[in-house]
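Visitor: Next up, protein.cif (mmCIF, C-alpha atoms).
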```cif
data_start
loop_
_atom_site.label_atom_id
_atom_site.label_comp_id
_atom_site.auth_asym_id
_atom_site.auth_seq_id
_atom_site.Cartn_x
_atom_site.Cartn_y
_atom_site.Cartn_z
CA MET A 1 56.14 -99.99 -162.95
CA ARG A 2 53.57 -98.50 -160.58
CA GLY A 3 52.23 -101.02 -158.10
CA VAL A 4 48.61 -101.33 -157.09
CA THR A 5 49.40 -100.08 -153.59
CA ARG A 6 50.44 -96.59 -154.72
CA ARG A 7 47.97 -93.88 -153.74
CA LEU A 8 47.32 -91.11 -156.27
CA MET A 9 46.13 -87.69 -155.12
CA LEU A 10 44.55 -85.39 -157.71
CA LEU A 11 44.13 -81.71 -156.90
CA ASP A 12 41.38 -79.63 -158.47
CA THR A 13 43.88 -76.79 -158.31
CA ALA A 14 41.66 -73.83 -159.21
CA SER A 15 39.05 -74.94 -156.69
CA LEU A 16 41.72 -75.01 -154.00
CA TYR A 17 43.44 -71.73 -154.81
CA PHE A 18 40.06 -69.97 -154.95
CA ARG A 19 39.39 -71.30 -151.43
CA ALA A 20 42.85 -70.23 -150.33
CA TYR A 21 42.28 -66.75 -151.77
CA PHE A 22 39.05 -66.24 -149.87
CA GLY A 23 40.26 -68.05 -146.74
CA VAL A 24 43.61 -66.30 -146.24
CA PRO A 25 43.64 -62.51 -145.60
CA ASP A 26 44.85 -60.36 -148.49
CA SER A 27 47.15 -58.70 -146.00
CA VAL A 28 49.50 -61.62 -146.72
CA LYS A 29 51.74 -59.93 -149.25
CA ALA A 30 55.06 -60.20 -151.07
CA PRO A 31 57.87 -57.75 -150.22
CA ASP A 32 56.68 -55.47 -153.03
CA GLY A 33 53.16 -55.35 -151.58
CA THR A 34 51.55 -57.77 -154.04
CA PRO A 35 48.99 -60.07 -152.35
CA VAL A 36 50.14 -63.69 -152.23
CA ASN A 37 47.38 -65.09 -150.03
CA ALA A 38 46.28 -67.62 -152.67
CA VAL A 39 49.87 -68.77 -153.27
CA ARG A 40 50.71 -69.24 -149.62
CA GLY A 41 47.30 -70.65 -148.82
CA LEU A 42 47.62 -73.29 -151.54
CA LEU A 43 51.09 -74.28 -150.32
CA ASP A 44 49.66 -74.67 -146.81
CA PHE A 45 46.81 -76.77 -148.23
CA ILE A 46 49.21 -79.09 -150.07
CA ASP A 47 51.40 -79.38 -146.97
CA ARG A 48 48.43 -80.46 -144.86
CA LEU A 49 47.13 -82.88 -147.50
CA VAL A 50 50.50 -84.59 -147.89
CA LYS A 51 50.98 -84.81 -144.12
CA ASP A 52 47.54 -86.26 -143.49
CA HIS A 53 47.13 -88.58 -146.48
CA ARG A 54 50.66 -89.46 -147.63
CA PRO A 55 50.06 -89.91 -151.37
CA ASP A 56 52.70 -91.64 -153.45
CA ASP A 57 51.73 -89.66 -156.54
CA LEU A 58 50.39 -86.12 -156.73
CA VAL A 59 49.05 -84.16 -159.70
CA ALA A 60 47.91 -80.55 -159.69
CA CYS A 61 45.17 -80.63 -162.34
CA MET A 62 44.56 -77.34 -164.16
CA ASP A 63 41.82 -75.71 -166.24
CA ALA A 64 43.47 -75.25 -169.62
CA ASP A 65 39.98 -74.35 -170.84
CA TRP A 66 37.50 -73.47 -168.09
CA ARG A 67 34.52 -73.43 -170.51
CA PRO A 68 35.26 -75.76 -173.45
CA GLN A 69 33.56 -74.85 -176.70
CA TRP A 70 32.29 -78.41 -177.19
CA ARG A 71 30.30 -78.12 -173.97
CA VAL A 72 29.00 -74.66 -174.89
CA ASP A 73 27.91 -75.96 -178.32
CA LEU A 74 25.72 -78.52 -176.56
CA ILE A 75 24.35 -76.25 -173.81
CA PRO A 76 24.99 -72.54 -174.56
CA SER A 77 24.14 -71.51 -170.99
CA TYR A 78 27.02 -73.60 -169.64
CA LYS A 79 28.93 -71.33 -167.20
CA ALA A 80 27.70 -68.31 -169.18
CA HIS A 81 27.09 -66.28 -166.03
CA ARG A 82 30.80 -66.49 -165.12
CA VAL A 83 32.02 -64.88 -168.32
CA ALA A 84 33.88 -61.61 -167.73
CA VAL A 85 34.84 -60.67 -171.30
CA GLU A 86 33.32 -61.60 -174.64
CA THR A 87 35.17 -61.65 -177.93
CA GLU A 88 33.68 -59.90 -180.96
CA ALA A 89 32.32 -63.26 -182.08
CA GLY A 90 30.60 -63.69 -178.74
CA ARG A 91 32.92 -66.46 -177.56
CA PRO A 92 33.88 -66.23 -173.88
CA ASP A 93 37.38 -64.84 -173.60
CA GLU A 94 38.05 -65.21 -169.92
CA GLU A 95 36.49 -66.23 -166.63
CA GLU A 96 35.59 -63.61 -164.08
CA VAL A 97 38.33 -63.79 -161.45
CA PRO A 98 39.07 -61.36 -158.58
CA ASP A 99 41.59 -58.71 -159.65
CA THR A 100 44.16 -59.66 -157.01
CA LEU A 101 43.85 -63.40 -157.67
CA SER A 102 44.66 -63.43 -161.40
CA PRO A 103 48.30 -62.27 -160.96
CA GLN A 104 48.85 -65.02 -158.40
CA VAL A 105 47.98 -67.90 -160.73
CA PRO A 106 51.24 -67.72 -162.77
CA VAL A 107 53.19 -67.59 -159.49
CA ILE A 108 51.40 -70.74 -158.30
CA GLU A 109 52.30 -72.47 -161.55
CA GLU A 110 55.97 -71.45 -161.32
CA VAL A 111 56.24 -72.59 -157.71
CA LEU A 112 54.63 -75.97 -158.42
CA ASP A 113 56.99 -76.48 -161.38
CA ALA A 114 60.06 -75.58 -159.34
CA LEU A 115 58.97 -77.94 -156.58
CA GLY A 116 58.55 -80.75 -159.10
CA ILE A 117 54.85 -81.31 -158.43
CA ALA A 118 53.26 -82.56 -161.65
CA ARG A 119 50.98 -79.92 -163.13
CA VAL A 120 48.67 -80.99 -165.94
CA GLY A 121 46.21 -79.02 -168.04
CA VAL A 122 45.12 -80.06 -171.53
CA GLU A 123 43.82 -77.64 -174.15
CA GLY A 124 40.09 -78.01 -174.72
CA TYR A 125 39.42 -79.61 -171.35
CA GLU A 126 38.65 -78.61 -167.79
CA ALA A 127 40.55 -79.82 -164.75
CA ASP A 128 37.57 -82.12 -164.01
CA ASP A 129 38.25 -83.94 -167.28
CA VAL A 130 41.95 -84.31 -166.49
CA ILE A 131 40.98 -85.69 -163.07
CA GLY A 132 38.49 -88.08 -164.64
CA THR A 133 41.05 -89.44 -167.08
CA PHE A 134 43.78 -89.88 -164.46
CA THR A 135 41.24 -91.61 -162.21
CA GLY A 136 40.16 -94.01 -164.93
CA ARG A 137 43.77 -94.99 -165.67
CA ALA A 138 44.90 -95.37 -162.04
CA ASP A 139 45.99 -98.79 -160.83
CA GLY A 140 45.56 -98.05 -157.14
CA PRO A 141 43.41 -95.92 -154.81
CA VAL A 142 42.69 -92.30 -155.73
CA ASP A 143 42.00 -89.28 -153.54
CA ILE A 144 40.38 -86.38 -155.42
CA VAL A 145 40.65 -83.09 -153.54
CA THR A 146 38.03 -80.63 -154.71
CA GLY A 147 35.39 -78.19 -153.59
CA ASP A 148 33.34 -79.11 -156.66
CA ARG A 149 30.57 -81.65 -156.03
CA ASP A 150 30.48 -82.52 -159.75
CA LEU A 151 33.38 -84.87 -159.11
CA TYR A 152 31.26 -87.02 -156.79
CA GLN A 153 30.40 -88.90 -159.99
CA LEU A 154 33.88 -90.48 -159.88
CA VAL A 155 33.47 -92.02 -156.41
CA ASP A 156 33.92 -95.79 -156.63
CA ASP A 157 34.39 -97.89 -153.49
CA LYS A 158 35.51 -100.97 -155.42
CA ARG A 159 38.40 -99.05 -156.95
CA GLY A 160 39.18 -97.02 -153.83
CA VAL A 161 38.23 -93.70 -155.45
CA ARG A 162 36.97 -91.09 -153.01
CA VAL A 163 36.53 -87.34 -152.93
CA LEU A 164 38.08 -85.25 -150.16
CA TYR A 165 35.80 -82.21 -149.98
CA PRO A 166 37.13 -79.29 -147.92
CA LEU A 167 34.67 -78.05 -145.32
CA LYS A 168 37.05 -75.64 -143.60
CA GLY A 169 40.43 -75.12 -145.19
CA VAL A 170 41.75 -78.61 -145.78
CA GLY A 171 42.09 -79.44 -142.10
CA THR A 172 38.47 -80.55 -142.06
CA LEU A 173 37.62 -82.73 -145.04
CA GLN A 174 34.45 -84.59 -145.89
CA LEU A 175 35.57 -88.05 -147.02
CA THR A 176 33.03 -88.81 -149.69
CA ASP A 177 32.54 -92.49 -150.47
CA GLU A 178 29.52 -94.39 -151.81
CA THR A 179 28.05 -94.91 -148.33
CA TRP A 180 28.06 -91.15 -147.74
CA LEU A 181 26.58 -90.47 -151.19
CA ARG A 182 23.72 -92.92 -150.65
CA GLU A 183 22.92 -91.41 -147.27
CA LYS A 184 23.05 -87.84 -148.61
CA TYR A 185 21.66 -88.17 -152.12
CA GLY A 186 20.31 -91.71 -152.46
CA VAL A 187 22.71 -92.55 -155.32
CA ASP A 188 26.16 -94.01 -155.76
CA GLY A 189 29.02 -92.37 -157.64
CA SER A 190 27.88 -93.41 -161.10
CA GLY A 191 24.35 -92.17 -160.38
CA TYR A 192 25.43 -88.73 -159.20
CA ALA A 193 25.89 -87.37 -162.73
CA ASP A 194 22.31 -88.37 -163.63
CA LEU A 195 21.05 -86.75 -160.43
CA ALA A 196 22.91 -83.51 -161.19
CA LEU A 197 21.68 -83.53 -164.78
CA LEU A 198 18.03 -83.92 -163.77
CA ARG A 199 17.98 -81.36 -160.95
CA GLY A 200 20.21 -78.86 -162.78
CA ASP A 201 23.02 -76.76 -161.39
CA PRO A 202 22.73 -72.96 -161.47
CA SER A 203 26.44 -72.60 -160.60
CA ASP A 204 27.29 -74.27 -163.93
CA GLY A 205 24.41 -72.84 -165.94
CA LEU A 206 22.67 -76.23 -166.28
CA PRO A 207 18.89 -75.77 -166.41
CA GLY A 208 17.89 -79.29 -165.40
CA VAL A 209 14.38 -80.64 -165.94
CA PRO A 210 11.80 -78.12 -164.72
CA GLY A 211 9.98 -79.36 -161.63
CA ILE A 212 12.48 -82.15 -160.98
CA GLY A 213 14.41 -81.21 -157.88
CA GLU A 214 17.03 -83.18 -156.02
CA LYS A 215 14.62 -85.35 -154.02
CA THR A 216 12.43 -86.17 -157.00
CA ALA A 217 15.49 -86.95 -159.13
CA ALA A 218 16.78 -89.31 -156.44
CA LYS A 219 13.39 -91.06 -156.22
CA LEU A 220 13.21 -91.50 -159.98
CA LEU A 221 16.72 -92.93 -160.11
CA ASP A 222 15.92 -95.29 -157.25
CA GLN A 223 12.73 -96.37 -159.01
CA PHE A 224 14.05 -96.80 -162.56
CA GLY A 225 17.83 -97.20 -162.14
CA ASP A 226 19.35 -94.65 -164.47
CA LEU A 227 18.58 -91.77 -166.81
CA ALA A 228 18.03 -93.98 -169.86
CA ALA A 229 15.48 -96.07 -167.98
CA ILE A 230 13.68 -92.94 -166.75
CA MET A 231 13.37 -91.61 -170.30
CA ALA A 232 12.18 -95.01 -171.53
CA ALA A 233 9.49 -94.89 -168.87
CA VAL A 234 8.18 -91.66 -170.37
CA ASP A 235 7.08 -93.69 -173.41
CA ASP A 236 5.60 -96.50 -171.30
CA PRO A 237 2.03 -95.69 -170.26
CA LYS A 238 2.26 -98.34 -167.53
CA ALA A 239 5.33 -96.76 -165.91
CA LYS A 240 4.66 -95.12 -162.57
CA LEU A 241 5.25 -91.48 -163.42
CA THR A 242 2.93 -88.68 -162.45
CA PRO A 243 1.33 -86.82 -165.38
CA SER A 244 3.40 -83.77 -164.48
CA GLN A 245 6.67 -85.73 -164.39
CA ARG A 246 5.91 -87.42 -167.69
CA LYS A 247 5.09 -84.11 -169.35
CA ARG A 248 8.16 -82.29 -168.05
CA LEU A 249 10.54 -85.11 -168.93
CA ASP A 250 9.02 -85.40 -172.39
CA GLU A 251 9.39 -81.65 -172.99
CA SER A 252 13.00 -81.80 -171.79
CA ARG A 253 14.14 -84.43 -174.30
CA PRO A 254 16.40 -82.01 -176.25
CA TYR A 255 18.21 -81.08 -173.03
CA VAL A 256 18.39 -84.66 -171.75
CA ALA A 257 19.83 -85.81 -175.09
CA VAL A 258 22.90 -83.56 -174.88
CA ALA A 259 23.34 -82.96 -171.14
CA PRO A 260 25.11 -86.25 -170.29
CA LYS A 261 28.14 -85.30 -172.40
CA VAL A 262 28.27 -81.92 -170.69
CA VAL A 263 27.74 -83.12 -167.11
CA ARG A 264 29.91 -86.24 -167.16
CA VAL A 265 33.64 -85.68 -166.96
CA ALA A 266 35.66 -86.83 -169.93
CA GLY A 267 37.66 -89.99 -169.52
CA ASP A 268 39.66 -89.80 -172.75
CA VAL A 269 41.76 -86.66 -172.33
CA PRO A 270 45.14 -87.00 -174.14
CA LEU A 271 47.30 -86.71 -171.04
CA PRO A 272 50.96 -85.78 -171.41
CA ASP A 273 53.65 -88.14 -170.22
CA VAL A 274 54.52 -86.72 -166.80
CA ASP A 275 56.27 -87.96 -163.67
CA THR A 276 53.51 -87.97 -161.06
CA ALA A 277 55.65 -89.22 -158.17
CA LEU A 278 55.52 -87.01 -155.09
CA PRO A 279 58.82 -85.08 -155.10
CA HIS A 280 61.04 -85.33 -152.04
CA THR A 281 63.46 -82.64 -153.17
CA PRO A 282 62.80 -79.61 -155.41
CA ARG A 283 63.20 -80.07 -159.14
CA ASP A 284 64.73 -76.60 -159.52
CA PRO A 285 66.16 -75.40 -156.18
CA ALA A 286 67.65 -72.19 -157.62
CA SER A 287 64.36 -71.08 -159.18
CA LEU A 288 62.48 -72.02 -156.04
CA GLU A 289 64.84 -69.95 -153.88
CA GLU A 290 64.38 -66.97 -156.20
CA LEU A 291 60.59 -67.33 -156.16
CA ALA A 292 60.56 -67.65 -152.36
CA ALA A 293 62.53 -64.43 -151.97
CA ARG A 294 60.62 -62.46 -154.60
CA TRP A 295 57.17 -63.43 -153.35
CA GLY A 296 57.87 -63.80 -149.65
CA LEU A 297 56.69 -67.41 -149.45
CA GLY A 298 58.37 -67.84 -146.07
CA GLY A 299 57.06 -70.46 -143.69
CA SER A 300 54.42 -71.80 -146.11
CA LEU A 301 57.07 -73.01 -148.54
CA GLN A 302 59.48 -74.16 -145.83
CA ARG A 303 56.82 -76.28 -144.13
CA LEU A 304 55.92 -77.95 -147.42
CA LEU A 305 59.58 -78.63 -148.24
CA THR A 306 60.04 -80.23 -144.82
CA THR A 307 56.96 -82.40 -145.31
CA LEU A 308 58.03 -83.48 -148.80
CA GLY A 309 61.48 -84.37 -147.47
CA ASP A 310 60.16 -86.61 -144.68
#
```
What would the structure in this file look like if it were written as structure tokens?
Guide:
Amino acid sequence: MRGVTRRLMLLDTASLYFRAYFGVPDSVKAPDGTPVNAVRGLLDFIDRLVKDHRPDDLVACMDADWRPQWRVDLIPSYKAHRVAVETEAGRPDEEEVPDTLSPQVPVIEEVLDALGIARVGVEGYEADDVIGTFTGRADGPVDIVTGDRDLYQLVDDKRGVRVLYPLKGVGTLQLTDETWLREKYGVDGSGYADLALLRGDPSDGLPGVPGIGEKTAAKLLDQFGDLAAIMAAVDDPKAKLTPSQRKRLDESRPYVAVAPKVVRVAGDVPLPDVDTALPHTPRDPASLEELAARWGLGGSLQRLLTTLGD
């Protein structure tokens, strides 16, 4: 039975291998000339994270569906600008990914599996949702490693949930707790989703409420408490809203009605039964040796194996 002192680390895997891809030169190649900069970079990231933070449990969370249909049904513009290919029905078929990164993703998955690092993606959900569900079920402290600020909404000092946001590689991390969030945005973890919803997020195709930027959203949340209270104030002539704010919020009711489900990470993903314990020896040494030779994983893999064995 897991004790309350066990620390769980959740990796937003795609966020990290994208950073590795752009942070490690594409001159890092396998013996056959195939770039493996994302693979080796991710292994180096995990090595550094384990060394510095010593989690007891580690899960590489995956995007089984990077743009779930249920989110698109609510807000059709959701991540629409990232779509590379459309099906005949107009449904996004795949995310736009650099040509030399796509072939590296299956290699990353095979290496993680051979190492014995739990890898979880659930059909119909993004990695954020997997992270949210693991976080909600955790008994002890949780470190979420991501370059996606959306996950700030999970920060909870009482439960020991924090976000480790890479500023440069993973050697320099911004440790995001509620104190940092209040200083930066004027909200705590639970208020961050409302802030993001109101201001919008072009990177995710979320329009937000026109004329309500980050500072105004923070002021409204400080004044009224949460999104529901802000929208209730729209109907209260005594509430201290400017005419412009009242008008824009009123006109944005259709968006505000559906956006919370899109912006907030799911907490009810049907997670598989997996062993999340940090492995100290590889699950499949023979496969790992073959992968290391084929893809030239060299020192990156050896350093991680040494760290896991400590």
Visitor: Could you tell me which residues the PyMOL selection byres ((chain A and resi 159-166) around 6) grabs in this file, written as a list in words?
Guide: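 With the PyMOL selection byres ((chain A and resi 159-166) around 6) on this model, the match is Pro141, Val142, Asp143, Ile144, Val145, Thr146, Gly147, Val155, Asp156, Asp157, Lys158, Leu167, Lys168, Gly169, Val170, Leu173, Gln174, Leu175, Thr176 and Asp177 of chain A.
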Visitor: Taking 5 positions as the minimum chain separation for residues in the same chain, which residues sit within 12 Å of Val72 in chain A when counting only C-alpha atoms? Answer as a list in words.
Guide: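 Near Val72 in chain A, the qualifying residues are Asp65, Trp66, Arg67, Ser77, Tyr78, Lys79, Ala80, Gly90, Arg91, Pro92, Gly124, Asp204, Gly205, Leu206, Val258, Ala259, Lys261, Val262 and Val263 of chain A.
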Visitor: Calculated over all atoms listed in the file, which of the candidates A:Gly121, A:Pro285, A:Gly296, A:Gly267 has the smallest distance to Thr135 in chain A?
Guide: A:Gly267
Visitor: Taking all atoms listed in the file into account, which of A:Ala218, A:Ile131, A:Val36, A:Tyr17 comes nearest Glu183 in chain A?
Guide: A:Ala218
Visitor: Tell me which of A:Lys219, A:Arg149, A:Arg48, A:Arg119 sits closest to Leu181 in chain A, counting only C-alpha atoms.
Guide: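 With only C-alpha atoms as the atom set, the closest residue is A:Arg149.
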Visitor: Just the number, please: distance in Å from CA of Asp26 in chain A to CA of Leu301 in chain A, one decimal.
Guide: 17.6 Å
Visitor: Do a neighbour search on range 239-244 of chain A at 9 Å with all atoms listed in the file, toss out local chain neighbours closer than 4 positions, and write the hits as a ChimeraX atom specification.
Guide: /A:211,220,223,233-235,248-249
Visitor: Restricting the calculation to all atoms listed in the file: of A:Tyr185, A:Val24, A:Ala30, A:Leu11, which residue gets closest to Gly298 in chain A?
Guide: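 Smallest separation from Gly298 in chain A among the options: A:Ala30.
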Visitor: Between CA of Val265 in chain A and CA of Gly132 in chain A, what is the distance in Å, rounded to a tenth?
Guide: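 CA of Gly132 in chain A lies 5.9 Å from CA of Val265 in chain A.
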Visitor: What's around Pro210 in chain A at 10 Å? Count all atoms listed in the file, leave out sequence neighbours fewer than 6 positions away in its own chain, and write the answer as a count of residues only.
Guide: 8
Visitor: Restricting the calculation to only C-alpha atoms, which member of A:Val122, A:Ala257, A:Ala127, A:Cys61 is positioned closest to Leu227 in chain A?
Guide: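 Looking at the shortest contact to Leu227 in chain A, the residue is A:Ala257.
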Visitor: Work out how far apart CA of Leu195 in chain A and CA of Ala217 in chain A are and give it in Å to one decimal.
Guide: 5.7 Å
Visitor: Would you mind exporting range 146-172 of chain A with N, CA, C and O atoms, as an mmCIF file, in the first residue's frame?
Guide:
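What landed in decode-v5.cif:
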```cif
data_model
loop_
_atom_site.group_PDB
_atom_site.id
_atom_site.type_symbol
_atom_site.label_atom_id
_atom_site.label_comp_id
_atom_site.auth_asym_id
_atom_site.auth_seq_id
_atom_site.Cartn_x
_atom_site.Cartn_y
_atom_site.Cartn_z
ATOM 1 N N THR A 146 6.080 20.071 -16.716
ATOM 2 C CA THR A 146 5.437 20.457 -17.966
ATOM 3 C C THR A 146 5.873 21.842 -18.401
ATOM 4 O O THR A 146 6.208 22.688 -17.569
ATOM 5 N N GLY A 147 5.855 22.062 -19.700
ATOM 6 C CA GLY A 147 6.051 23.394 -20.240
ATOM 7 C C GLY A 147 4.729 24.035 -20.621
ATOM 8 O O GLY A 147 4.697 25.028 -21.345
ATOM 9 N N ASP A 148 3.632 23.480 -20.121
ATOM 10 C CA ASP A 148 2.284 23.947 -20.419
ATOM 11 C C ASP A 148 1.692 24.604 -19.177
ATOM 12 O O ASP A 148 1.430 23.933 -18.176
ATOM 13 N N ARG A 149 1.460 25.914 -19.250
ATOM 14 C CA ARG A 149 0.951 26.646 -18.091
ATOM 15 C C ARG A 149 -0.477 26.251 -17.726
ATOM 16 O O ARG A 149 -0.937 26.564 -16.617
ATOM 17 N N ASP A 150 -1.192 25.581 -18.625
ATOM 18 C CA ASP A 150 -2.559 25.150 -18.310
ATOM 19 C C ASP A 150 -2.605 24.323 -17.024
ATOM 20 O O ASP A 150 -3.600 24.349 -16.293
ATOM 21 N N LEU A 151 -1.525 23.606 -16.758
ATOM 22 C CA LEU A 151 -1.515 22.716 -15.598
ATOM 23 C C LEU A 151 -1.274 23.452 -14.281
ATOM 24 O O LEU A 151 -1.302 22.837 -13.213
ATOM 25 N N TYR A 152 -1.082 24.762 -14.340
ATOM 26 C CA TYR A 152 -1.009 25.544 -13.100
ATOM 27 C C TYR A 152 -2.299 25.402 -12.293
ATOM 28 O O TYR A 152 -2.298 25.601 -11.083
ATOM 29 N N GLN A 153 -3.395 25.072 -12.979
ATOM 30 C CA GLN A 153 -4.672 24.929 -12.285
ATOM 31 C C GLN A 153 -4.666 23.801 -11.252
ATOM 32 O O GLN A 153 -5.523 23.759 -10.368
ATOM 33 N N LEU A 154 -3.698 22.898 -11.342
ATOM 34 C CA LEU A 154 -3.627 21.770 -10.401
ATOM 35 C C LEU A 154 -2.804 22.073 -9.150
ATOM 36 O O LEU A 154 -2.800 21.281 -8.206
ATOM 37 N N VAL A 155 -2.110 23.202 -9.148
ATOM 38 C CA VAL A 155 -1.251 23.550 -8.010
ATOM 39 C C VAL A 155 -2.090 23.649 -6.738
ATOM 40 O O VAL A 155 -3.131 24.299 -6.710
ATOM 41 N N ASP A 156 -1.618 22.986 -5.685
ATOM 42 C CA ASP A 156 -2.366 22.938 -4.418
ATOM 43 C C ASP A 156 -1.367 22.757 -3.283
ATOM 44 O O ASP A 156 -0.857 21.665 -3.061
ATOM 45 N N ASP A 157 -1.077 23.830 -2.566
ATOM 46 C CA ASP A 157 -0.081 23.766 -1.495
ATOM 47 C C ASP A 157 -0.476 22.795 -0.398
ATOM 48 O O ASP A 157 0.383 22.099 0.173
ATOM 49 N N LYS A 158 -1.753 22.727 -0.068
ATOM 50 C CA LYS A 158 -2.196 21.850 1.023
ATOM 51 C C LYS A 158 -1.913 20.388 0.712
ATOM 52 O O LYS A 158 -1.598 19.606 1.616
ATOM 53 N N ARG A 159 -2.003 20.029 -0.557
ATOM 54 C CA ARG A 159 -1.774 18.641 -0.957
ATOM 55 C C ARG A 159 -0.345 18.410 -1.438
ATOM 56 O O ARG A 159 0.004 17.299 -1.800
ATOM 57 N N GLY A 160 0.455 19.464 -1.488
ATOM 58 C CA GLY A 160 1.833 19.303 -1.946
ATOM 59 C C GLY A 160 1.940 19.107 -3.445
ATOM 60 O O GLY A 160 2.869 18.449 -3.930
ATOM 61 N N VAL A 161 1.001 19.693 -4.200
ATOM 62 C CA VAL A 161 1.026 19.584 -5.664
ATOM 63 C C VAL A 161 1.655 20.849 -6.231
ATOM 64 O O VAL A 161 1.167 21.956 -5.994
ATOM 65 N N ARG A 162 2.727 20.683 -6.991
ATOM 66 C CA ARG A 162 3.397 21.826 -7.597
ATOM 67 C C ARG A 162 3.744 21.494 -9.036
ATOM 68 O O ARG A 162 3.806 20.319 -9.430
ATOM 69 N N VAL A 163 3.970 22.535 -9.819
ATOM 70 C CA VAL A 163 4.385 22.367 -11.207
ATOM 71 C C VAL A 163 5.849 22.754 -11.330
ATOM 72 O O VAL A 163 6.266 23.819 -10.849
ATOM 73 N N LEU A 164 6.633 21.888 -11.962
ATOM 74 C CA LEU A 164 8.025 22.184 -12.273
ATOM 75 C C LEU A 164 8.063 22.572 -13.740
ATOM 76 O O LEU A 164 7.892 21.733 -14.627
ATOM 77 N N TYR A 165 8.235 23.865 -13.993
ATOM 78 C CA TYR A 165 8.147 24.414 -15.347
ATOM 79 C C TYR A 165 9.546 24.683 -15.872
ATOM 80 O O TYR A 165 10.272 25.514 -15.316
ATOM 81 N N PRO A 166 9.967 23.988 -16.928
ATOM 82 C CA PRO A 166 11.334 24.158 -17.436
ATOM 83 C C PRO A 166 11.549 25.543 -18.042
ATOM 84 O O PRO A 166 10.788 25.967 -18.908
ATOM 85 N N LEU A 167 12.562 26.229 -17.561
ATOM 86 C CA LEU A 167 12.939 27.519 -18.130
ATOM 87 C C LEU A 167 14.070 27.359 -19.135
ATOM 88 O O LEU A 167 14.117 28.022 -20.153
ATOM 89 N N LYS A 168 14.992 26.448 -18.819
ATOM 90 C CA LYS A 168 16.112 26.147 -19.716
ATOM 91 C C LYS A 168 16.449 24.678 -19.514
ATOM 92 O O LYS A 168 16.967 24.292 -18.472
ATOM 93 N N GLY A 169 16.124 23.866 -20.527
ATOM 94 C CA GLY A 169 16.269 22.428 -20.331
ATOM 95 C C GLY A 169 15.408 22.016 -19.154
ATOM 96 O O GLY A 169 14.286 22.471 -18.985
ATOM 97 N N VAL A 170 15.930 21.152 -18.309
ATOM 98 C CA VAL A 170 15.267 20.881 -17.029
ATOM 99 C C VAL A 170 16.233 21.152 -15.885
ATOM 100 O O VAL A 170 15.959 20.836 -14.738
ATOM 101 N N GLY A 171 17.388 21.727 -16.222
ATOM 102 C CA GLY A 171 18.340 22.092 -15.180
ATOM 103 C C GLY A 171 17.875 23.311 -14.419
ATOM 104 O O GLY A 171 18.170 23.475 -13.236
ATOM 105 N N THR A 172 17.130 24.177 -15.093
ATOM 106 C CA THR A 172 16.567 25.362 -14.458
ATOM 107 C C THR A 172 15.056 25.255 -14.519
ATOM 108 O O THR A 172 14.453 25.361 -15.583
#
```
